[in-house]
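Peer 1: One structure follows; several queries about it will come next.
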Amino acid sequence: MEDQDREIHGIGRVVLRLAAIGFVASGLGACAMGSMGAMMSEGPVAVASLGAGDELTQTSQQRIELASLATDLETPVWHALDATAPPQRARRGINFGSVVGMLLTGSGDDASSETETLSDAERYLASIASIFDQPSDIPLAVAVDVFRKNGQARRFVITARNIVTTHERPLSAVNAAYQADEMDVSDYRAELAAIDADRRVLSGVVAAMRDQRRTFARVRTLIAADQPDADLSRLDTELASFTQYEAMVTRLSAELAGELGAGS
């Protein structure tokens, strides 16, 4: 019971500090009650109807919502940092240089992409570390940011799933129907364009989530190197959820392309 009280107190302290500088939205009050990650464990749920209007109007509203959610999800939590400034060492002296070799070794990623990700990880972690007097608060602060991304991802998946179901058939079936002369050119192009537009949104989100997950993972490595005894359990839980949401969006994109069965 004492450990739970201590954890709740720690979460509350981190959230209050982040809220004071505008890093978290008011909707994160659940974190202070020790419920961070609980929403993630529930998984995507059905959403209420957007209104009793025409089906086409409802679909248009859903696509507008999807585009807005995609923009939010594709925007990293560290986007406001000065991209031209070199990473600054935090007040607690995080040893970024000691783990550079570790981060760059054994990766199959493109070297320039890896360097950019490392720079993002350093800069982001330095900005977080400069806020807190206690290094032990840093892993939880990062976990709060991943939690926020999980919340955005969950809302995106719900809306994206509704959008995918509006298509009567996937891209592969549309191509097959056209090749079998079952539809004319104008209908083919119209259906193809509608699917392609939604696939572009999903593909962009998958790429953004993958890049952000890699950066968060490198941040975790930096923290672990600087604080060998740090409690990373909460951060690991949120990272696992983020990975699952990335997989969900990837499956929806594959389903729309006809590369995955709807029941898979």
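Here, A, B, ... name the chains of the structure tokens in the order displayed, residue numbers run from 1 inside each chain, and ligands are numbered from 1 in the same displayed order.
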Extract, using only C-alpha atoms, all DNA, RNA and protein residues at most 8 Å from stretch 236-251 of chain A, discarding same-chain residues fewer than 4 positions from it, and format them as number ranges by chain.

Peer 2: A: 37, 40, 143, 146-147, 149-150, 153-154, 157, 160, 202-203, 205-206, 209-210, 213, 216-217, 232, 255, 260

Peer 1: Include C-alpha atoms and write out the residues we just selected as a PDB file, in the first residue's frame.

Peer 2:
```
ATOM      1  CA  GLY A  37      -2.107   3.003 -18.911  1.00  0.00           C
ATOM      2  CA  MET A  40      -4.718   1.621 -22.970  1.00  0.00           C
ATOM      3  CA  ALA A 143       6.015   8.066 -19.765  1.00  0.00           C
ATOM      4  CA  VAL A 146       4.064   8.539 -24.384  1.00  0.00           C
ATOM      5  CA  PHE A 147       0.730   8.215 -22.578  1.00  0.00           C
ATOM      6  CA  LYS A 149       0.560   9.817 -27.698  1.00  0.00           C
ATOM      7  CA  ASN A 150      -1.277   6.628 -26.801  1.00  0.00           C
ATOM      8  CA  ALA A 153      -3.404   6.898 -31.199  1.00  0.00           C
ATOM      9  CA  ARG A 154      -6.449   5.305 -29.605  1.00  0.00           C
ATOM     10  CA  VAL A 157      -7.589   3.974 -34.514  1.00  0.00           C
ATOM     11  CA  ALA A 160      -9.730   5.051 -38.893  1.00  0.00           C
ATOM     12  CA  LEU A 202      -2.846   5.784 -42.689  1.00  0.00           C
ATOM     13  CA  SER A 203       0.604   5.385 -44.252  1.00  0.00           C
ATOM     14  CA  VAL A 205       0.576   8.003 -39.501  1.00  0.00           C
ATOM     15  CA  VAL A 206       2.357   4.636 -39.516  1.00  0.00           C
ATOM     16  CA  MET A 209       4.465   6.571 -35.190  1.00  0.00           C
ATOM     17  CA  ARG A 210       7.424   4.382 -36.138  1.00  0.00           C
ATOM     18  CA  ARG A 213       8.599   5.063 -31.192  1.00  0.00           C
ATOM     19  CA  PHE A 216      11.214   7.277 -27.430  1.00  0.00           C
ATOM     20  CA  ALA A 217      13.144   3.985 -27.325  1.00  0.00           C
ATOM     21  CA  LEU A 232      11.360   2.287 -16.188  1.00  0.00           C
ATOM     22  CA  GLU A 255      -6.802  -4.286 -44.778  1.00  0.00           C
ATOM     23  CA  LEU A 260      -5.103  -8.535 -44.885  1.00  0.00           C
TER      24      LEU A 260
END
```

Peer 1: Running DSSP on the backbone, which parts of stretch 130-252 of chain A land in helix (DSSP H, G or I), as a PyMOL selection string?

Peer 2: chain A and resi 137-166+171-179+185-226+233-252

Peer 1: How many Å separate atom CA of A:Pro170 from atom CA of A:Leu73?

Peer 2: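 Distance reported for this atom pair: 24.6 Å.
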
Peer 1: One decimal, in Å: what's the spacing between atom CA of A:Glu74 and atom CA of A:Ala208?

Peer 2: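 These two atoms are separated by 5.2 Å.
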
Peer 1: Have a look at A:Ser253, A:Thr166, A:Gln227, A:Gln212 and name the one nearest to A:Ala121; count only C-alpha atoms.

Peer 2: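 Checking each candidate against A:Ala121, we get A:Gln212 as the closest.
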
Peer 1: Mind pulling up the distance from atom CA of A:Asn162 to atom CA of A:Ala190?

Peer 2: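 Computing it gives 19.7 Å between the two atoms.
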